[in-house]
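Participant: Before I ask anything, let me first share the structure, which is written out below as structure tokens.
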Amino acid sequence: MNLLSLSNASPWQLPLIISLFLIFLYLARRPFHQGLRALGRTLSNGLRLSSRSVLLAEREMQKRNRDVLMTEGLIQVERELEREFQRVETIVNRDLQAYPAFHRKLSELLHQVDENYRNSSELPPTPPAWVSTIEAVANIPDTADGGVAAVLEEIRKTLERHHQTAMEEYRKATAVRHGILQKTQPGWRQLTDTLEKVNHSITGLKERASLIDKCIQQYQDIRSGSDLAEQRLSTSAMTQFAISALVMMIAIGGAVINFNLIALPMSEMVGGGSYIGAYKTSNVAALVIILVEASMGLFLMESLRITRLFPLISTMEERPRLRMVWISFSILAILAGVESALAFMRDQIAADMEMLRQSLTGMEAAVRTSRSLIPTIGQMVLGFILPFALTFIAIPLESFVHSSRTVVGRFCTWALRALAFILRLLASISHHLFQVLITIYDIAIFPLLWVEEKIRRPAKEPAPPNDNPKLATPKKEKS
Amino acid sequence: MNRLVFLPLLLLLFITGCPDNTSHSRAVFMLLDTSGTYTAELEKAQSIINYLLGTLQPGDSLAVARIDTGSFSEKDIIKKVTFDGRPSVANEQKRAFRQAVDDFIKQVKPSSYTDITGGVLQAVEFLTETGAGKKDILIYSDMEEELKKGYVRDFPIQMAGVKVVALNVTKLRQDIVDPRKYMNRLEVWKKKVEDGGGSWKVVNDLERLEKLLAD
């Protein structure tokens, strides 16, 4: 029955139809309610279950992130420790290995200084044996006897002469001692230098030891899985990610310039009219050259043990590793030379093309006079330097790869958490939506429900305060 | 080791497994009307040819032919070239091409009739032979065809994938009297080209040459 037929119905038919429809709704109320509730429950439970499983996945991801972070942190600290130990080894090999020689030298110097000191010690001049006799004669009282006075005068002169001689000898001996002490001076200086060297080495070792202590402390923190260590590592990973991404973008800019520098001359080598797929063969060839350079740079950095992206290379034995250093460096140098030549060729082709273009527009003379060597040399130098500069992309690349594990993991965790929240929200909304539908259904048939309530609960009896019979307070019967 | 072998093989498979058979080169055939009334306009055509020489890339083809009494002939091709892949060689070819065109324009003599259809047939033949991905015919003419008695040109021409550009279509004296003649002339050519599967365009403003080869 459509609306048109309803509108054509007689005036008494319409209320009848509506009444019958309401009666039908009233009778179907219980199963309809049950159906809506079941549907709501199913949908809500399904969404809650999904939310729960997403949350579980998020926790798993969080655990995995934490494990990755801690492992990365441990590897990082281990590498730092390894480097510190290598530095300590260098100090020990360079300075302390020669310690026995130092010690022997110090002993010799000390022995020499001691000997010199002993040789330079001041010895008081021994008074001659007859001085006491002269003293006794000198104590004879002067009795105004001319003979005695003459003898005493003679004795005084002898004493003065002796004193003068003794003083001269003493001065000579002192000068000799000063000479010995002067000879000792370089020995002292040498001794001081040697001791300073030892002191310097010991200080360097002490500094390294304190750094190693710090690393060990960090290592222990990470091993214990403390929140502080996790937070520090996480912040560090974020910073590393941002910085390495920035540096890589700069490096990509360099690679683009490099590409433009060699793409045109490559067409002279491989032809400008051939294509691989939708791309010019010359462009693909230029790109391949740049990628090969980047790869060689990566291998160079790996074999120099500056980066450790390939465990196979970093764990190589010394000899093959050094061979690899030289091979990758040689290939890089050859490619840099090729690029330099290509840059030169590019300049020539560009100049030729410009001349042709100008001649086609009738400005031939102006171009021929405005040629300079500076752009050519500049392009050649740029072509030679850029491959080597691209080598260093390996360092930010390594940081980017390692930090991206943490950052991407964290991003996934946030995404999963957001998904779980949305699912939970949808579960709640669906639950309440079906409640609202039930209420709307009841509103549609409210006259019948009102009648039902009146029939069930007569008007005389006041309505119980609570619908639940168990909770209703029993009335006290009057005796 | 397996991985080392696998990756280049995968790359090779990627390159060879998805072949791109479409040709990326362009071929342009330019027809110059040398009929009596139009010879004076030929100097302007030089700038168009110079523009084409500056625009076309290594691997592209260019031909310039004259429209005279019987244009369906190899003899009417002034110069044709497929530019070498090496830019330096292509530049030399362009210089030689320009010289040939300059020489032709200096010593051109007006023809008695204008066989445009024959020139177009010659152009289609050339463009098909080049195997280029993009084919253009530039007709530098007033598009008024005058055939010698006995020449048969009223048949459809297969021009699938060919773009025809009418350049500098000047108005004739009778067009000024009755512009419908001019419009009808262009309409007839448009129908002829489009019936053959080609596309049709008119460019009268020679200051905007970049429109010539625009897709």
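Residues are referred to by chain and number: the chain letter is A, B, ... according to the order shown in the structure tokens, the number counts from 1 in that chain, and ligands are numbered separately from 1 in the order shown.
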Compute the set of chain A residues within 7 Å of chain B, using only C-alpha atoms, and express it as an mmCIF file with C-alpha atoms, in the first residue's frame.
Facilitator:
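Just written: result-v2.cif:
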data_model
loop_
_atom_site.group_PDB
_atom_site.id
_atom_site.type_symbol
_atom_site.label_atom_id
_atom_site.label_comp_id
_atom_site.auth_asym_id
_atom_site.auth_seq_id
_atom_site.Cartn_x
_atom_site.Cartn_y
_atom_site.Cartn_z
ATOM 1 C CA SER A 267 73.869 11.561 -24.579
ATOM 2 C CA GLU A 268 77.060 12.073 -26.577
ATOM 3 C CA GLY A 271 72.912 8.621 -27.873
ATOM 4 C CA GLY A 272 70.229 11.115 -27.044
ATOM 5 C CA GLY A 273 67.434 9.459 -29.000
ATOM 6 C CA GLY A 277 61.100 2.467 -20.812
ATOM 7 C CA ALA A 278 59.879 6.029 -20.631
ATOM 8 C CA ILE A 349 78.231 20.814 -26.010
ATOM 9 C CA MET A 353 74.200 24.410 -28.690
ATOM 10 C CA LEU A 356 73.644 27.231 -32.832
ATOM 11 C CA ARG A 357 70.650 28.714 -31.047
ATOM 12 C CA LEU A 360 69.428 30.587 -35.663
#
Participant: Give me every strand (DSSP E or B) residue in region 209-385 of chain A, going by DSSP on the backbone, as JSON, numbers by chain.
Facilitator: {"A": [275, 276, 279, 280]}
Participant: Could you go through region 102-281 of chain A and tell me which residues DSSP, when run on the backbone, assigns to alpha helix (DSSP H), listing them as a ChimeraX atom specification?
Facilitator: /A:102-119,131-138,146-224,227-270,281
Participant: Need to verify the contact set: Ala350 (chain A), 10 Å, only C-alpha atoms, exclusion of same-chain residues closer than 4 positions in sequence. Can you return it as a PyMOL selection string?
Facilitator: (chain A and resi 264-265+344-346+354-356) or (chain B and resi 87-88)
Participant: Please identify all polymer residues within 6 Å of Gly383 (chain A), counting only C-alpha atoms, omitting same-chain residues fewer than 2 positions from it, and present them as a list in words.
Facilitator: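 Result of the neighbour search: Glu339, Ser340, Ala343, Gln379, Met380, Val381, Ile385 and Leu386 of chain A.
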Participant: Save the residues we just selected, N, CA and C atoms, as an mmCIF file, in the first residue's frame?
Facilitator:
data_model
loop_
_atom_site.group_PDB
_atom_site.id
_atom_site.type_symbol
_atom_site.label_atom_id
_atom_site.label_comp_id
_atom_site.auth_asym_id
_atom_site.auth_seq_id
_atom_site.Cartn_x
_atom_site.Cartn_y
_atom_site.Cartn_z
ATOM 1 N N GLU A 339 83.745 11.772 -14.564
ATOM 2 C CA GLU A 339 82.753 12.853 -14.378
ATOM 3 C C GLU A 339 83.355 14.204 -14.726
ATOM 4 N N SER A 340 84.610 14.381 -14.349
ATOM 5 C CA SER A 340 85.277 15.637 -14.651
ATOM 6 C C SER A 340 85.360 15.835 -16.172
ATOM 7 N N ALA A 343 82.010 16.636 -17.489
ATOM 8 C CA ALA A 343 81.664 18.032 -17.203
ATOM 9 C C ALA A 343 82.300 18.958 -18.239
ATOM 10 N N GLN A 379 83.159 23.683 -13.604
ATOM 11 C CA GLN A 379 82.369 22.455 -13.821
ATOM 12 C C GLN A 379 83.232 21.208 -13.681
ATOM 13 N N MET A 380 84.452 21.289 -14.179
ATOM 14 C CA MET A 380 85.342 20.126 -14.082
ATOM 15 C C MET A 380 85.692 19.822 -12.624
ATOM 16 N N VAL A 381 85.972 20.878 -11.869
ATOM 17 C CA VAL A 381 86.315 20.682 -10.446
ATOM 18 C C VAL A 381 85.102 20.113 -9.709
ATOM 19 N N ILE A 385 84.866 16.683 -7.608
ATOM 20 C CA ILE A 385 84.692 16.705 -6.140
ATOM 21 C C ILE A 385 83.391 16.021 -5.705
ATOM 22 N N LEU A 386 82.326 16.240 -6.476
ATOM 23 C CA LEU A 386 81.008 15.743 -6.038
ATOM 24 C C LEU A 386 80.973 14.232 -5.746
#
Participant: Leaving out region 184-186 of chain B and any residue of its chain fewer than 6 positions from it, which residues lie within 12 Å of it when counting only C-alpha atoms, given as an mmCIF file with N, CA and C atoms, in the first residue's frame?
Facilitator:
data_model
loop_
_atom_site.group_PDB
_atom_site.id
_atom_site.type_symbol
_atom_site.label_atom_id
_atom_site.label_comp_id
_atom_site.auth_asym_id
_atom_site.auth_seq_id
_atom_site.Cartn_x
_atom_site.Cartn_y
_atom_site.Cartn_z
ATOM 1 N N SER B 141 51.048 27.803 -46.275
ATOM 2 C CA SER B 141 50.354 28.067 -47.546
ATOM 3 C C SER B 141 49.053 28.829 -47.286
ATOM 4 N N ASP B 142 48.473 29.352 -48.375
ATOM 5 C CA ASP B 142 47.144 29.972 -48.242
ATOM 6 C C ASP B 142 46.040 28.931 -48.379
ATOM 7 N N MET B 143 46.434 27.686 -48.580
ATOM 8 C CA MET B 143 45.545 26.525 -48.666
ATOM 9 C C MET B 143 44.606 26.564 -49.884
ATOM 10 N N GLU B 144 44.947 27.358 -50.838
ATOM 11 C CA GLU B 144 44.165 27.405 -52.076
ATOM 12 C C GLU B 144 44.841 26.456 -53.075
ATOM 13 N N GLU B 145 44.199 25.332 -53.345
ATOM 14 C CA GLU B 145 44.804 24.323 -54.210
ATOM 15 C C GLU B 145 44.430 24.592 -55.670
ATOM 16 N N VAL B 165 49.135 21.122 -39.284
ATOM 17 C CA VAL B 165 49.014 22.523 -38.852
ATOM 18 C C VAL B 165 49.137 23.409 -40.090
ATOM 19 N N ALA B 166 48.099 24.193 -40.338
ATOM 20 C CA ALA B 166 48.149 25.151 -41.444
ATOM 21 C C ALA B 166 48.693 26.467 -40.904
ATOM 22 N N LEU B 167 49.767 26.941 -41.554
ATOM 23 C CA LEU B 167 50.445 28.127 -41.031
ATOM 24 C C LEU B 167 50.261 29.313 -41.972
ATOM 25 N N VAL B 169 47.870 31.189 -43.030
ATOM 26 C CA VAL B 169 46.876 31.035 -44.099
ATOM 27 C C VAL B 169 46.374 32.436 -44.465
ATOM 28 N N THR B 170 46.953 32.982 -45.500
ATOM 29 C CA THR B 170 46.631 34.376 -45.868
ATOM 30 C C THR B 170 45.268 34.450 -46.573
ATOM 31 N N LYS B 171 44.663 35.586 -46.435
ATOM 32 C CA LYS B 171 43.361 35.795 -47.078
ATOM 33 C C LYS B 171 43.598 36.285 -48.512
ATOM 34 N N LEU B 172 42.903 35.657 -49.437
ATOM 35 C CA LEU B 172 43.040 36.041 -50.846
ATOM 36 C C LEU B 172 42.058 37.181 -51.172
ATOM 37 N N GLN B 174 39.568 37.263 -53.191
ATOM 38 C CA GLN B 174 38.151 36.851 -53.180
ATOM 39 C C GLN B 174 37.653 36.563 -51.761
ATOM 40 N N ASP B 175 38.621 36.224 -50.830
ATOM 41 C CA ASP B 175 38.223 35.990 -49.431
ATOM 42 C C ASP B 175 37.769 37.293 -48.779
ATOM 43 N N ASP B 178 34.325 37.885 -50.042
ATOM 44 C CA ASP B 178 33.380 36.937 -49.438
ATOM 45 C C ASP B 178 34.127 36.030 -48.450
ATOM 46 N N LYS B 192 38.932 16.903 -44.646
ATOM 47 C CA LYS B 192 39.795 15.954 -45.348
ATOM 48 C C LYS B 192 40.789 15.299 -44.384
ATOM 49 N N VAL B 193 41.367 16.131 -43.524
ATOM 50 C CA VAL B 193 42.372 15.628 -42.563
ATOM 51 C C VAL B 193 41.711 14.731 -41.527
ATOM 52 N N TRP B 200 43.613 18.520 -36.952
ATOM 53 C CA TRP B 200 43.777 19.736 -37.753
ATOM 54 C C TRP B 200 43.877 20.964 -36.852
ATOM 55 N N LYS B 201 44.777 21.864 -37.206
ATOM 56 C CA LYS B 201 44.944 23.097 -36.425
ATOM 57 C C LYS B 201 45.389 24.214 -37.374
ATOM 58 N N VAL B 202 44.959 25.437 -37.082
ATOM 59 C CA VAL B 202 45.397 26.586 -37.886
ATOM 60 C C VAL B 202 46.146 27.549 -36.960
ATOM 61 N N VAL B 203 47.341 27.931 -37.367
ATOM 62 C CA VAL B 203 48.117 28.914 -36.593
ATOM 63 C C VAL B 203 48.485 30.060 -37.537
#
Participant: Hey, which of B:Met183, B:Ser71, B:Met30, B:Ala45 ends up closest to Ile105 (chain B)? Count only C-alpha atoms.
Facilitator: B:Ala45
Participant: Quick one, how far is CA of Lys105 (chain A) from CA of Leu195 (chain A)?
Facilitator: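 Between CA of Lys105 (chain A) and CA of Leu195 (chain A) the gap works out to 10.8 Å.
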Participant: Need the shell around region 31-41 of chain B: protein/DNA/RNA residues with any atom at most 6 Å away, counting only C-alpha atoms. Skip same-chain ones fewer than 4 positions apart. Format as an mmCIF file with N, CA and C atoms, in the first residue's frame?
Facilitator:
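File part-v7.cif, as written:
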data_model
loop_
_atom_site.group_PDB
_atom_site.id
_atom_site.type_symbol
_atom_site.label_atom_id
_atom_site.label_comp_id
_atom_site.auth_asym_id
_atom_site.auth_seq_id
_atom_site.Cartn_x
_atom_site.Cartn_y
_atom_site.Cartn_z
ATOM 1 N N VAL B 64 61.818 19.438 -45.216
ATOM 2 C CA VAL B 64 61.164 20.613 -45.789
ATOM 3 C C VAL B 64 61.005 20.359 -47.290
ATOM 4 N N ALA B 65 59.786 20.569 -47.793
ATOM 5 C CA ALA B 65 59.538 20.330 -49.226
ATOM 6 C C ALA B 65 58.751 21.504 -49.792
ATOM 7 N N ARG B 66 58.813 21.664 -51.082
ATOM 8 C CA ARG B 66 58.080 22.749 -51.720
ATOM 9 C C ARG B 66 56.757 22.224 -52.296
ATOM 10 N N ILE B 67 55.804 23.114 -52.387
ATOM 11 C CA ILE B 67 54.542 22.763 -53.041
ATOM 12 C C ILE B 67 54.576 23.435 -54.401
ATOM 13 N N PRO B 110 58.706 30.918 -58.661
ATOM 14 C CA PRO B 110 57.287 30.615 -58.419
ATOM 15 C C PRO B 110 56.784 29.513 -59.364
ATOM 16 N N SER B 111 55.899 28.670 -58.813
ATOM 17 C CA SER B 111 55.340 27.594 -59.641
ATOM 18 C C SER B 111 53.988 28.035 -60.181
ATOM 19 N N THR B 114 49.403 24.780 -57.598
ATOM 20 C CA THR B 114 49.614 24.506 -56.164
ATOM 21 C C THR B 114 49.016 23.148 -55.830
ATOM 22 N N ILE B 139 51.919 23.062 -42.945
ATOM 23 C CA ILE B 139 51.680 23.539 -44.314
ATOM 24 C C ILE B 139 51.723 25.066 -44.308
ATOM 25 N N TYR B 140 52.755 25.584 -44.907
ATOM 26 C CA TYR B 140 52.910 27.039 -44.969
ATOM 27 C C TYR B 140 52.336 27.499 -46.305
ATOM 28 N N SER B 141 51.048 27.803 -46.275
ATOM 29 C CA SER B 141 50.354 28.067 -47.546
ATOM 30 C C SER B 141 49.053 28.829 -47.286
#
